[in-house]
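Coordinates from target-v3.tsv are shown below (TSV, C-alpha atoms and all ligand atoms).
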chain	number	residue	atom	x	y	z
H	1	MET	CA	-12.92	-20.59	12.11
H	2	THR	CA	-15.69	-18.84	14.05
H	3	GLU	CA	-16.37	-15.19	13.42
H	4	LEU	CA	-15.51	-14.38	17.04
H	5	LEU	CA	-12.10	-16.06	16.87
H	6	PHE	CA	-11.39	-14.38	13.52
H	7	HIS	CA	-12.19	-10.95	14.96
H	8	GLN	CA	-10.04	-11.62	18.03
H	9	LEU	CA	-7.12	-12.51	15.75
H	10	VAL	CA	-7.65	-9.36	13.69
H	11	ILE	CA	-7.61	-7.27	16.88
H	12	VAL	CA	-4.29	-8.88	17.86
H	13	TRP	CA	-2.97	-8.07	14.36
H	14	ILE	CA	-4.06	-4.43	14.76
H	15	CYS	CA	-2.28	-4.29	18.15
H	16	ILE	CA	0.90	-5.56	16.47
H	17	ALA	CA	0.65	-2.67	13.95
H	18	LEU	CA	0.40	-0.23	16.85
H	19	VAL	CA	3.63	-1.68	18.29
H	20	VAL	CA	5.38	-1.74	14.90
H	21	PHE	CA	4.56	1.89	14.11
H	22	PRO	CA	6.82	3.57	16.73
H	23	LEU	CA	9.59	1.07	15.87
H	24	ALA	CA	9.28	1.88	12.16
H	25	LEU	CA	9.65	5.56	13.04
H	26	LYS	CA	13.09	4.73	14.48
H	27	VAL	CA	14.39	2.19	11.94
H	28	THR	CA	14.50	3.21	8.28
H	29	ALA	CA	13.20	0.38	6.08
H	30	PRO	CA	16.22	-0.65	3.95
H	31	TYR	CA	14.85	-0.68	0.42
H	32	GLY	CA	14.84	1.74	-2.52
H	33	ARG	CA	17.04	4.76	-1.72
H	34	HIS	CA	17.57	3.52	1.86
H	35	VAL	CA	18.96	0.08	0.94
H	36	ARG	CA	21.95	-0.98	3.08
H	37	LYS	CA	23.88	-4.03	4.25
H	38	GLY	CA	22.90	-6.15	7.25
H	39	TRP	CA	19.42	-7.27	6.17
H	40	GLY	CA	20.39	-10.51	4.43
H	41	PRO	CA	21.40	-11.43	0.89
H	42	LEU	CA	20.26	-9.12	-1.88
H	43	ILE	CA	17.91	-10.18	-4.67
H	44	ASP	CA	16.67	-8.43	-7.82
H	45	ASN	CA	14.40	-5.55	-6.90
H	46	LYS	CA	11.67	-6.18	-9.51
H	47	TRP	CA	11.33	-9.88	-8.67
H	48	GLY	CA	11.37	-8.95	-5.01
H	49	TRP	CA	8.21	-6.90	-5.60
H	50	VAL	CA	6.50	-9.78	-7.42
H	51	ILE	CA	7.42	-12.30	-4.72
H	52	TYR	CA	6.43	-10.31	-1.67
H	53	GLU	CA	3.24	-8.76	-3.05
H	54	SER	CA	1.90	-12.04	-4.53
H	55	PRO	CA	0.29	-13.48	-1.38
H	56	ALA	CA	-2.20	-10.58	-1.19
H	57	PRO	CA	-3.96	-11.03	-4.57
H	58	LEU	CA	-3.54	-14.82	-4.62
H	59	LEU	CA	-5.01	-15.35	-1.16
H	60	VAL	CA	-7.90	-12.96	-1.72
H	61	LEU	CA	-8.63	-14.74	-5.00
H	62	TYR	CA	-8.45	-18.14	-3.30
H	63	PHE	CA	-10.64	-17.29	-0.30
H	64	PHE	CA	-13.12	-15.36	-2.40
H	65	PHE	CA	-13.82	-18.24	-4.73
H	66	THR	CA	-13.65	-21.05	-2.19
H	67	GLY	CA	-15.71	-19.24	0.46
H	68	ASP	CA	-19.41	-19.87	0.80
H	69	ALA	CA	-20.53	-16.40	1.87
H	70	PRO	CA	-23.19	-14.82	-0.40
H	71	LYS	CA	-21.65	-12.54	-3.03
H	72	SER	CA	-23.82	-9.47	-3.57
H	73	ASN	CA	-22.89	-6.83	-6.15
H	74	ALA	CA	-21.32	-4.75	-3.38
H	75	VAL	CA	-18.99	-7.63	-2.50
H	76	TRP	CA	-18.02	-8.12	-6.12
H	77	ILE	CA	-17.11	-4.42	-6.33
H	78	MET	CA	-14.98	-4.57	-3.17
H	79	PHE	CA	-13.25	-7.72	-4.39
H	80	SER	CA	-12.63	-6.22	-7.85
H	81	LEU	CA	-11.14	-3.01	-6.46
H	82	PHE	CA	-8.79	-4.96	-4.21
H	83	MET	CA	-7.71	-7.12	-7.15
H	84	LEU	CA	-7.30	-4.11	-9.45
H	85	HIS	CA	-4.94	-2.50	-6.96
H	86	TYR	CA	-2.94	-5.66	-6.36
H	87	MET	CA	-2.73	-6.83	-9.98
H	88	ASN	CA	-1.09	-3.50	-10.72
H	89	ARG	CA	1.18	-3.54	-7.68
H	90	THR	CA	2.26	-7.18	-8.09
H	91	PHE	CA	2.45	-7.81	-11.81
H	92	ILE	CA	2.56	-4.44	-13.62
H	93	PHE	CA	4.24	-1.85	-11.38
H	94	PRO	CA	7.46	-3.92	-10.83
H	95	PHE	CA	8.05	-4.08	-14.59
H	96	ARG	CA	7.42	-0.36	-15.11
H	97	ILE	CA	9.78	1.00	-12.45
H	98	ARG	CA	13.23	2.02	-13.66
H	99	THR	CA	15.51	0.38	-11.15
H	100	LYS	CA	18.03	-1.37	-13.42
H	101	GLY	CA	20.46	-3.51	-11.40
H	102	LYS	CA	18.94	-2.47	-8.05
H	103	LYS	CA	18.53	-5.01	-5.27
H	104	VAL	CA	16.36	-5.56	-2.21
H	105	PRO	CA	17.49	-7.42	0.94
H	106	LEU	CA	15.93	-10.79	1.71
H	107	GLY	CA	14.95	-9.43	5.14
H	108	ILE	CA	12.59	-6.96	3.46
H	109	VAL	CA	11.27	-9.60	1.05
H	110	ALA	CA	10.51	-11.95	3.97
H	111	SER	CA	8.84	-9.35	6.17
H	112	ALA	CA	6.77	-7.87	3.32
H	113	PHE	CA	5.79	-11.41	2.25
H	114	ALA	CA	4.60	-12.19	5.79
H	115	PHE	CA	2.73	-8.87	5.95
H	116	ASN	CA	0.91	-9.62	2.69
H	117	LEU	CA	0.24	-13.20	3.74
H	118	VAL	CA	-1.61	-12.08	6.86
H	119	ASN	CA	-3.36	-9.08	5.31
H	120	GLY	CA	-4.39	-11.04	2.20
H	121	SER	CA	-5.78	-13.83	4.40
H	122	ILE	CA	-7.74	-11.41	6.56
H	123	ILE	CA	-9.35	-9.55	3.66
H	124	GLY	CA	-9.87	-12.75	1.66
H	125	TYR	CA	-11.44	-14.66	4.56
H	126	HIS	CA	-13.74	-11.75	5.33
H	127	LEU	CA	-14.93	-11.38	1.73
H	128	GLY	CA	-15.05	-15.10	0.97
H	129	TYR	CA	-16.42	-16.63	4.16
H	130	LEU	CA	-17.72	-14.21	6.73
H	131	GLN	CA	-19.33	-11.11	5.29
H	132	ASN	CA	-23.00	-10.83	4.54
H	133	TYR	CA	-23.39	-7.48	2.76
H	134	PRO	CA	-26.89	-7.31	1.26
H	135	ASP	CA	-27.49	-5.98	-2.23
H	136	THR	CA	-28.67	-2.72	-0.67
H	137	TRP	CA	-25.17	-2.10	0.78
H	138	ILE	CA	-24.35	-0.54	-2.57
H	139	ASN	CA	-26.71	2.38	-1.70
H	140	ASP	CA	-25.40	2.81	1.83
H	141	PRO	CA	-23.56	6.14	2.40
H	142	ARG	CA	-20.62	4.21	3.93
H	143	PHE	CA	-20.20	2.22	0.75
H	144	ILE	CA	-20.57	5.25	-1.53
H	145	ILE	CA	-18.29	7.57	0.50
H	146	GLY	CA	-15.72	4.80	0.94
H	147	LEU	CA	-15.78	4.07	-2.77
H	148	LEU	CA	-15.21	7.73	-3.66
H	149	ILE	CA	-12.31	7.98	-1.19
H	150	PHE	CA	-10.81	4.75	-2.53
H	151	VAL	CA	-10.96	5.98	-6.13
H	152	LEU	CA	-9.48	9.34	-5.15
H	153	GLY	CA	-6.63	7.61	-3.30
H	154	MET	CA	-5.96	5.24	-6.17
H	155	ARG	CA	-5.85	8.12	-8.63
H	156	ILE	CA	-3.35	10.05	-6.50
H	157	ASN	CA	-1.28	6.90	-5.95
H	158	TRP	CA	-1.12	5.93	-9.62
H	159	GLN	CA	-0.57	9.48	-10.86
H	160	SER	CA	2.29	10.05	-8.38
H	161	ASP	CA	3.88	6.65	-9.03
H	162	ASN	CA	3.81	7.55	-12.75
H	163	THR	CA	5.49	10.89	-12.11
H	164	LEU	CA	8.26	9.15	-10.16
H	165	ILE	CA	8.74	6.46	-12.81
H	166	ASN	CA	8.97	9.09	-15.55
H	167	LEU	CA	11.68	11.02	-13.71
H	168	ARG	CA	14.17	8.46	-15.03
H	169	ASP	CA	15.13	7.28	-18.51
H	170	SER	CA	15.09	3.49	-18.81
H	171	ASP	CA	18.79	3.14	-17.91
H	172	GLU	CA	18.93	5.78	-15.17
H	173	THR	CA	18.91	4.94	-11.46
H	174	GLY	CA	19.55	8.34	-9.80
H	175	TYR	CA	17.13	10.70	-8.06
H	176	LYS	CA	15.62	14.08	-9.03
H	177	ILE	CA	13.19	16.43	-7.30
H	178	PRO	CA	9.66	15.51	-8.43
H	179	TYR	CA	7.22	18.31	-9.29
H	180	GLY	CA	3.56	18.52	-10.27
H	181	GLY	CA	0.29	17.19	-8.88
H	182	PHE	CA	0.34	16.60	-5.14
H	183	PHE	CA	4.15	16.85	-5.08
H	184	LYS	CA	3.43	20.55	-4.60
H	185	TYR	CA	2.23	19.75	-1.08
H	186	VAL	CA	4.04	16.60	0.02
H	187	SER	CA	7.21	14.65	-0.77
H	188	CYS	CA	5.37	11.32	-1.04
H	189	PRO	CA	1.92	11.72	-2.62
H	190	ASN	CA	2.16	8.12	-3.85
H	191	LEU	CA	2.28	6.94	-0.23
H	192	MET	CA	-0.39	9.47	0.79
H	193	GLY	CA	-2.64	8.17	-2.03
H	194	GLU	CA	-2.14	4.60	-0.88
H	195	ILE	CA	-3.12	5.49	2.69
H	196	ILE	CA	-6.23	7.34	1.43
H	197	GLU	CA	-7.12	4.34	-0.73
H	198	TRP	CA	-7.17	1.89	2.15
H	199	ILE	CA	-9.02	4.31	4.42
H	200	GLY	CA	-11.70	4.41	1.69
H	201	PHE	CA	-11.67	0.62	1.50
H	202	ALA	CA	-12.07	0.38	5.28
H	203	ILE	CA	-15.11	2.66	5.12
H	204	MET	CA	-16.62	0.58	2.28
H	205	LEU	CA	-16.13	-2.64	4.23
H	206	TRP	CA	-17.17	-1.10	7.57
H	207	ALA	CA	-15.60	-4.09	9.31
H	208	LEU	CA	-12.46	-4.87	11.35
H	209	PRO	CA	-10.50	-6.42	8.42
H	210	GLY	CA	-10.70	-3.17	6.45
H	211	LEU	CA	-9.69	-1.13	9.51
H	212	SER	CA	-6.76	-3.45	10.11
H	213	PHE	CA	-5.55	-3.05	6.53
H	214	ALA	CA	-5.76	0.75	6.70
H	215	ILE	CA	-3.91	0.88	10.04
H	216	TRP	CA	-1.13	-1.39	8.77
H	217	THR	CA	-0.75	0.68	5.60
H	218	ALA	CA	-0.40	3.88	7.61
H	219	ALA	CA	1.99	2.18	10.07
H	220	ASN	CA	4.23	1.18	7.14
H	221	LEU	CA	3.99	4.23	4.95
H	222	ILE	CA	4.00	7.22	7.33
H	223	PRO	CA	7.48	6.29	8.65
H	224	ARG	CA	8.70	5.66	5.08
H	225	ALA	CA	7.38	9.03	3.91
H	226	LEU	CA	9.12	10.78	6.83
H	227	ASP	CA	12.39	9.01	5.94
H	228	HIS	CA	12.04	10.00	2.26
H	229	HIS	CA	11.25	13.59	3.24
H	230	ARG	CA	14.34	13.92	5.45
H	231	TRP	CA	16.42	12.29	2.70
H	232	TYR	CA	15.18	14.83	0.10
H	233	GLN	CA	15.92	17.73	2.43
H	234	LYS	CA	19.44	16.44	3.10
H	235	THR	CA	20.18	15.56	-0.54
H	236	PHE	CA	18.86	18.60	-2.44
H	237	GLU	CA	19.84	22.08	-1.26
H	238	ASP	CA	17.06	23.62	-3.34
H	239	TYR	CA	14.35	21.25	-2.05
H	240	PRO	CA	11.01	23.14	-1.78
H	241	THR	CA	10.70	24.24	1.84
H	242	GLU	CA	6.91	24.40	1.89
H	243	ARG	CA	6.51	20.66	1.20
H	244	LYS	CA	5.49	18.34	4.01
H	245	ALA	CA	6.20	14.59	4.06
H	246	VAL	CA	2.81	12.93	3.64
H	247	ILE	CA	-0.07	15.09	4.94
H	248	PRO	CA	-0.38	18.53	3.29
H	249	ARG	CA	0.38	21.38	5.76
H	250	LEU	CA	0.55	18.99	8.70
H	251	LEU	CA	3.18	16.23	8.58
W	1	LIG	P1	9.10	5.16	-3.57
W	1	LIG	O1	8.47	6.50	-3.71
W	1	LIG	O2	10.24	4.97	-2.66
W	1	LIG	O3	9.61	4.66	-5.03
W	1	LIG	C1	8.73	4.45	-6.10
W	1	LIG	C2	9.57	4.28	-7.38
W	1	LIG	O4	10.00	5.55	-7.88
W	1	LIG	C3	10.86	3.50	-7.19
W	1	LIG	O5	11.13	2.81	-8.37
W	1	LIG	C4	11.90	4.57	-6.94
W	1	LIG	O6	13.22	4.16	-7.27
W	1	LIG	C5	11.41	5.68	-7.84
W	1	LIG	N1	11.67	7.02	-7.28
W	1	LIG	C6	11.19	7.48	-6.11
W	1	LIG	N2	11.58	8.76	-5.90
W	1	LIG	C7	12.33	9.08	-6.96
W	1	LIG	C8	13.03	10.29	-7.33
W	1	LIG	N3	13.01	11.36	-6.55
W	1	LIG	N4	13.73	10.31	-8.49
W	1	LIG	C9	13.74	9.20	-9.28
W	1	LIG	N5	13.09	8.04	-9.01
W	1	LIG	C10	12.39	7.99	-7.85
W	1	LIG	O7	7.92	4.16	-3.23
W	1	LIG	P2	7.99	2.68	-2.59
W	1	LIG	O8	9.00	1.89	-3.35
W	1	LIG	O9	8.07	2.76	-1.13
W	1	LIG	O10	6.51	2.17	-2.92
W	1	LIG	C11	6.09	1.98	-4.25
W	1	LIG	C12	4.57	1.81	-4.26
W	1	LIG	O11	4.19	0.70	-3.45
W	1	LIG	C13	3.84	3.04	-3.71
W	1	LIG	O12	2.72	3.29	-4.51
W	1	LIG	C14	3.43	2.61	-2.31
W	1	LIG	O13	2.25	3.25	-1.94
W	1	LIG	C15	3.26	1.09	-2.45
W	1	LIG	N6	3.56	0.43	-1.18
W	1	LIG	C16	2.52	0.03	-0.37
W	1	LIG	C17	2.75	-0.52	0.88
W	1	LIG	C18	1.60	-0.88	1.79
W	1	LIG	O14	1.83	-1.12	2.98
W	1	LIG	N7	0.37	-0.94	1.34
W	1	LIG	C19	4.13	-0.79	1.35
W	1	LIG	C20	5.14	-0.31	0.44
W	1	LIG	C21	4.84	0.26	-0.76
W	1	LIG	P3	14.21	3.44	-6.21
W	1	LIG	O15	13.55	2.12	-5.88
W	1	LIG	O16	15.47	3.32	-6.96
W	1	LIG	O17	14.28	4.34	-5.00

Mind turning this structure into structure tokens?
Amino acid sequence: MTELLFHQLVIVWICIALVVFPLALKVTAPYGRHVRKGWGPLIDNKWGWVIYESPAPLLVLYFFFTGDAPKSNAVWIMFSLFMLHYMNRTFIFPFRIRTKGKKVPLGIVASAFAFNLVNGSIIGYHLGYLQNYPDTWINDPRFIIGLLIFVLGMRINWQSDNTLINLRDSDETGYKIPYGGFFKYVSCPNLMGEIIEWIGFAIMLWALPGLSFAIWTAANLIPRALDHHRWYQKTFEDYPTERKAVIPRLL
């Protein structure tokens, strides 16, 4: 595929995210606490995670090692960070969450699978075939600032996911009000951290594929955070009033 065609396709994919975003603000994604009937047969929640996240790390791995683009140290770092995130999300996180007996609808599995298929292909093709970051990219302010933002986002994401996991004993499935860390400011610091992470990645890549990934992540996770926030406010009478949904003091 030519670089021009690839970039045109990525722009179309970004436009789809911009259409999906307002729709996602209206329709609550039916998984986790919002699971409900009407989205197809239900399958085990943990295996759902493994199935629908798998295309992202597998495709990036495939394109990275089959592609003939030069692999400078900067590219190896970007590839490794992507893989670190997705090895956790696909193969570790699902077996740490405490969701005994919980299910996810096939409709969510299929749409998340498709989402990861496209996003994994875009990032993988860019890193494997198209990019040409020189060795000096590692000293470029865009790379350094993006890397710092990525690490910050990953830290917030992992720390907040851990707090949520530890709210339950291994057999519990109910919900409690989370406290500590960035939960002081927002209901969903795990989702906020994930958005920050991919903004950092986009800055490191300084290319359309990274931008596309960050836009899609925000288009998925801002609506989910708003849904969670409303749910917390409705469910717990003593829910902290100063908390926002996903952006401290703002949203
Ligand atoms: P949630 O915050 O909805 O849930 C995370 C886990 O914590 C679930 O196991 C959930 O259980 C449990 N949990 C959440 N809140 C509570 C609570 N108050 N009390 C007890 N347990 C709780 O996150 P998501 O499932 O939406 O996402 C998980 C991770 O995946 C996040 O880090 C997110 O950033 C990432 N993600 C990334 C996407 C992307 O587009 N890049 C898309 C979707 C997710 P239960 O399932 O029973 O609700």

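If you look at CA of Leu152 (chain H) and atom N3 of ligand LIG 1 (chain W), they are 22.6 Å away from each other.
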
Just give me the residues with any atom within 12 Å of (-20.9, -4.0, -7.5), file coordinates, counting all atoms listed in the file, written as a compact mmCIF listing (two decimals) with C-alpha atoms, in the frame of the given file.
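Saved file part13.txt follows:
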# COMPACT_ATOMS: atom_id res chain seq x y z
CA LYS H 71 -21.65 -12.54 -3.03
CA SER H 72 -23.82 -9.47 -3.57
CA ASN H 73 -22.89 -6.83 -6.15
CA ALA H 74 -21.32 -4.75 -3.38
CA VAL H 75 -18.99 -7.63 -2.50
CA TRP H 76 -18.02 -8.12 -6.12
CA ILE H 77 -17.11 -4.42 -6.33
CA MET H 78 -14.98 -4.57 -3.17
CA PHE H 79 -13.25 -7.72 -4.39
CA SER H 80 -12.63 -6.22 -7.85
CA LEU H 81 -11.14 -3.01 -6.46
CA TYR H 133 -23.39 -7.48 2.76
CA PRO H 134 -26.89 -7.31 1.26
CA ASP H 135 -27.49 -5.98 -2.23
CA THR H 136 -28.67 -2.72 -0.67
CA TRP H 137 -25.17 -2.10 0.78
CA ILE H 138 -24.35 -0.54 -2.57
CA ASN H 139 -26.71 2.38 -1.70
CA PHE H 143 -20.20 2.22 0.75
CA ILE H 144 -20.57 5.25 -1.53
CA LEU H 147 -15.78 4.07 -2.77
CA MET H 204 -16.62 0.58 2.28

Mind running chain H against ligand LIG 1 (chain W) at 6 Å and telling me each contacting residue's nearest atom pair with the distance in Å (one decimal), counting only C-alpha atoms and all ligand atoms, chain and number ascending, as CSV?
residue,atom,partner,partner_atom,distance
H:Gly32,CA,W:LIG1,O15,3.6
H:Arg33,CA,W:LIG1,O17,4.3
H:Ile97,CA,W:LIG1,O5,4.7
H:Arg98,CA,W:LIG1,O5,5.7
H:Thr99,CA,W:LIG1,O16,5.1
H:Asn157,CA,W:LIG1,O12,5.6
H:Asp161,CA,W:LIG1,O12,5.8
H:Leu164,CA,W:LIG1,O4,4.6
H:Ile165,CA,W:LIG1,O4,5.2
H:Leu167,CA,W:LIG1,C9,5.2
H:Arg168,CA,W:LIG1,C9,5.8
H:Thr173,CA,W:LIG1,O16,5.9
H:Gly174,CA,W:LIG1,C9,5.9
H:Tyr175,CA,W:LIG1,N4,3.4
H:Lys176,CA,W:LIG1,N4,4.3
H:Ile177,CA,W:LIG1,N3,5.1
H:Pro178,CA,W:LIG1,N3,5.7
H:Asn190,CA,W:LIG1,O12,4.9
H:Leu191,CA,W:LIG1,O13,4.1
H:Glu194,CA,W:LIG1,O13,4.7
H:Thr217,CA,W:LIG1,O14,4.1
H:Asn220,CA,W:LIG1,O14,5.3

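With all atoms listed in the file as the atoms that count, the residue of H:Ile108, H:Ile51, H:Val10, H:Ile145 with the shortest distance to Gly200 (chain H) is H:Ile145.
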
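For region 183-186 of chain H, the non-local neighbours within 10 Å, defined as residues at least 5 positions apart in the same chain or in other chains and counting all atoms listed in the file, are Ser160, Thr163, Ile177, Pro178, Leu191, Met192, Ala225, His229, Pro240, Glu242, Arg243, Lys244, Ala245, Val246, Ile247, Pro248, Arg249, Leu250 and Leu251 of chain H.
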
When you look at Ala17 (chain H) with a cut-off of 7 Å (counting all atoms listed in the file), what residues show up, excluding the ones that are within fewer than 3 positions of it in the same chain? I need them as a PDB file with C-alpha atoms, in the frame of the given file.
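For reference, part.pdb as written:
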ATOM      1  CA  TRP H  13      -2.970  -8.070  14.360  1.00  0.00           C
ATOM      2  CA  ILE H  14      -4.060  -4.430  14.760  1.00  0.00           C
ATOM      3  CA  VAL H  20       5.380  -1.740  14.900  1.00  0.00           C
ATOM      4  CA  PHE H  21       4.560   1.890  14.110  1.00  0.00           C
ATOM      5  CA  ILE H 215      -3.910   0.880  10.040  1.00  0.00           C
ATOM      6  CA  TRP H 216      -1.130  -1.390   8.770  1.00  0.00           C
ATOM      7  CA  ALA H 219       1.990   2.180  10.070  1.00  0.00           C
TER       8      ALA H 219
END

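Here CA of Phe82 (chain H) and CA of Ala207 (chain H) stand 15.2 Å from one another.
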
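CA of Phe93 (chain H) is positioned 22.0 Å from CA of Asp227 (chain H).
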
At a cut-off of 10 Å around the point (-22.9, -16.1, 3.0) (file coordinates), what residues fall inside when counting only C-alpha atoms? I'd like the answer as an mmCIF file with C-alpha atoms, in the frame of the given file.
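Output (point-v1.cif):
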data_model
loop_
_atom_site.group_PDB
_atom_site.id
_atom_site.type_symbol
_atom_site.label_atom_id
_atom_site.label_comp_id
_atom_site.auth_asym_id
_atom_site.auth_seq_id
_atom_site.Cartn_x
_atom_site.Cartn_y
_atom_site.Cartn_z
ATOM 1 C CA GLY H 67 -15.710 -19.240 0.460
ATOM 2 C CA ASP H 68 -19.410 -19.870 0.800
ATOM 3 C CA ALA H 69 -20.530 -16.400 1.870
ATOM 4 C CA PRO H 70 -23.190 -14.820 -0.400
ATOM 5 C CA LYS H 71 -21.650 -12.540 -3.030
ATOM 6 C CA SER H 72 -23.820 -9.470 -3.570
ATOM 7 C CA LEU H 127 -14.930 -11.380 1.730
ATOM 8 C CA GLY H 128 -15.050 -15.100 0.970
ATOM 9 C CA TYR H 129 -16.420 -16.630 4.160
ATOM 10 C CA LEU H 130 -17.720 -14.210 6.730
ATOM 11 C CA GLN H 131 -19.330 -11.110 5.290
ATOM 12 C CA ASN H 132 -23.000 -10.830 4.540
ATOM 13 C CA TYR H 133 -23.390 -7.480 2.760
ATOM 14 C CA PRO H 134 -26.890 -7.310 1.260
#

Quiz prompt | Distance criterion (all atoms listed in the file): nearest to Val60 (chain H) out of H:Ser121, H:Val12, H:Trp39, H:Gly48 | solution = H:Ser121

Quiz item: Between H:Ala56, H:Leu106, H:Ser187, H:Pro30, which is the closest to Arg230 (chain H) once you count only C-alpha atoms?
Solution: H:Ser187

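Of the listed residues H:Phe213, H:Trp47, H:Tyr239, H:Trp231, the one whose atoms come nearest to Phe115 (chain H) is H:Phe213, with distances taken using all atoms listed in the file.
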
Quiz item: Smallest atom-to-atom distance to Ile11 (chain H): which of H:His34, H:His228, H:Gly146, H:Leu208, using all atoms listed in the file?
Solution: H:Leu208

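Using all atoms listed in the file, the nearest neighbour of Thr66 (chain H) within the list H:Gly153, H:Glu3, H:Gly124, H:Gly210 is H:Gly124.
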
Please output region 55-61 of chain H, rebuilt to include all heavy atoms, as an mmCIF file, in the frame of the given file.
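Final file, out02.cif:
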data_model
loop_
_atom_site.group_PDB
_atom_site.id
_atom_site.type_symbol
_atom_site.label_atom_id
_atom_site.label_comp_id
_atom_site.auth_asym_id
_atom_site.auth_seq_id
_atom_site.Cartn_x
_atom_site.Cartn_y
_atom_site.Cartn_z
ATOM 1 N N PRO H 55 1.275 -12.854 -2.279
ATOM 2 C CA PRO H 55 0.290 -13.480 -1.380
ATOM 3 C C PRO H 55 -1.018 -12.689 -1.282
ATOM 4 O O PRO H 55 -2.087 -13.300 -1.128
ATOM 5 C CB PRO H 55 0.996 -13.494 -0.012
ATOM 6 C CG PRO H 55 2.442 -13.383 -0.320
ATOM 7 C CD PRO H 55 2.557 -12.607 -1.592
ATOM 8 N N ALA H 56 -0.961 -11.372 -1.374
ATOM 9 C CA ALA H 56 -2.200 -10.580 -1.190
ATOM 10 C C ALA H 56 -3.229 -10.906 -2.277
ATOM 11 O O ALA H 56 -4.341 -11.365 -1.965
ATOM 12 C CB ALA H 56 -1.888 -9.098 -1.105
ATOM 13 N N PRO H 57 -2.910 -10.718 -3.574
ATOM 14 C CA PRO H 57 -3.960 -11.030 -4.570
ATOM 15 C C PRO H 57 -4.280 -12.516 -4.635
ATOM 16 O O PRO H 57 -5.446 -12.892 -4.805
ATOM 17 C CB PRO H 57 -3.343 -10.551 -5.903
ATOM 18 C CG PRO H 57 -1.873 -10.481 -5.676
ATOM 19 C CD PRO H 57 -1.697 -10.159 -4.219
ATOM 20 N N LEU H 58 -3.273 -13.382 -4.465
ATOM 21 C CA LEU H 58 -3.540 -14.820 -4.620
ATOM 22 C C LEU H 58 -4.443 -15.337 -3.494
ATOM 23 O O LEU H 58 -5.363 -16.120 -3.734
ATOM 24 C CB LEU H 58 -2.225 -15.612 -4.664
ATOM 25 C CG LEU H 58 -1.347 -15.308 -5.893
ATOM 26 C CD1 LEU H 58 -0.076 -16.156 -5.879
ATOM 27 C CD2 LEU H 58 -2.108 -15.516 -7.203
ATOM 28 N N LEU H 59 -4.189 -14.865 -2.274
ATOM 29 C CA LEU H 59 -5.010 -15.350 -1.160
ATOM 30 C C LEU H 59 -6.429 -14.793 -1.216
ATOM 31 O O LEU H 59 -7.394 -15.503 -0.916
ATOM 32 C CB LEU H 59 -4.349 -14.992 0.178
ATOM 33 C CG LEU H 59 -3.158 -15.893 0.522
ATOM 34 C CD1 LEU H 59 -2.325 -15.297 1.631
ATOM 35 C CD2 LEU H 59 -3.656 -17.281 0.927
ATOM 36 N N VAL H 60 -6.545 -13.532 -1.606
ATOM 37 C CA VAL H 60 -7.900 -12.960 -1.720
ATOM 38 C C VAL H 60 -8.675 -13.715 -2.808
ATOM 39 O O VAL H 60 -9.839 -14.083 -2.617
ATOM 40 C CB VAL H 60 -7.835 -11.440 -1.967
ATOM 41 C CG1 VAL H 60 -9.204 -10.895 -2.362
ATOM 42 C CG2 VAL H 60 -7.346 -10.729 -0.713
ATOM 43 N N LEU H 61 -8.008 -13.979 -3.919
ATOM 44 C CA LEU H 61 -8.630 -14.740 -5.000
ATOM 45 C C LEU H 61 -9.075 -16.119 -4.494
ATOM 46 O O LEU H 61 -10.215 -16.550 -4.717
ATOM 47 C CB LEU H 61 -7.583 -14.913 -6.113
ATOM 48 C CG LEU H 61 -8.063 -15.240 -7.514
ATOM 49 C CD1 LEU H 61 -8.869 -14.076 -8.079
ATOM 50 C CD2 LEU H 61 -6.869 -15.510 -8.424
#
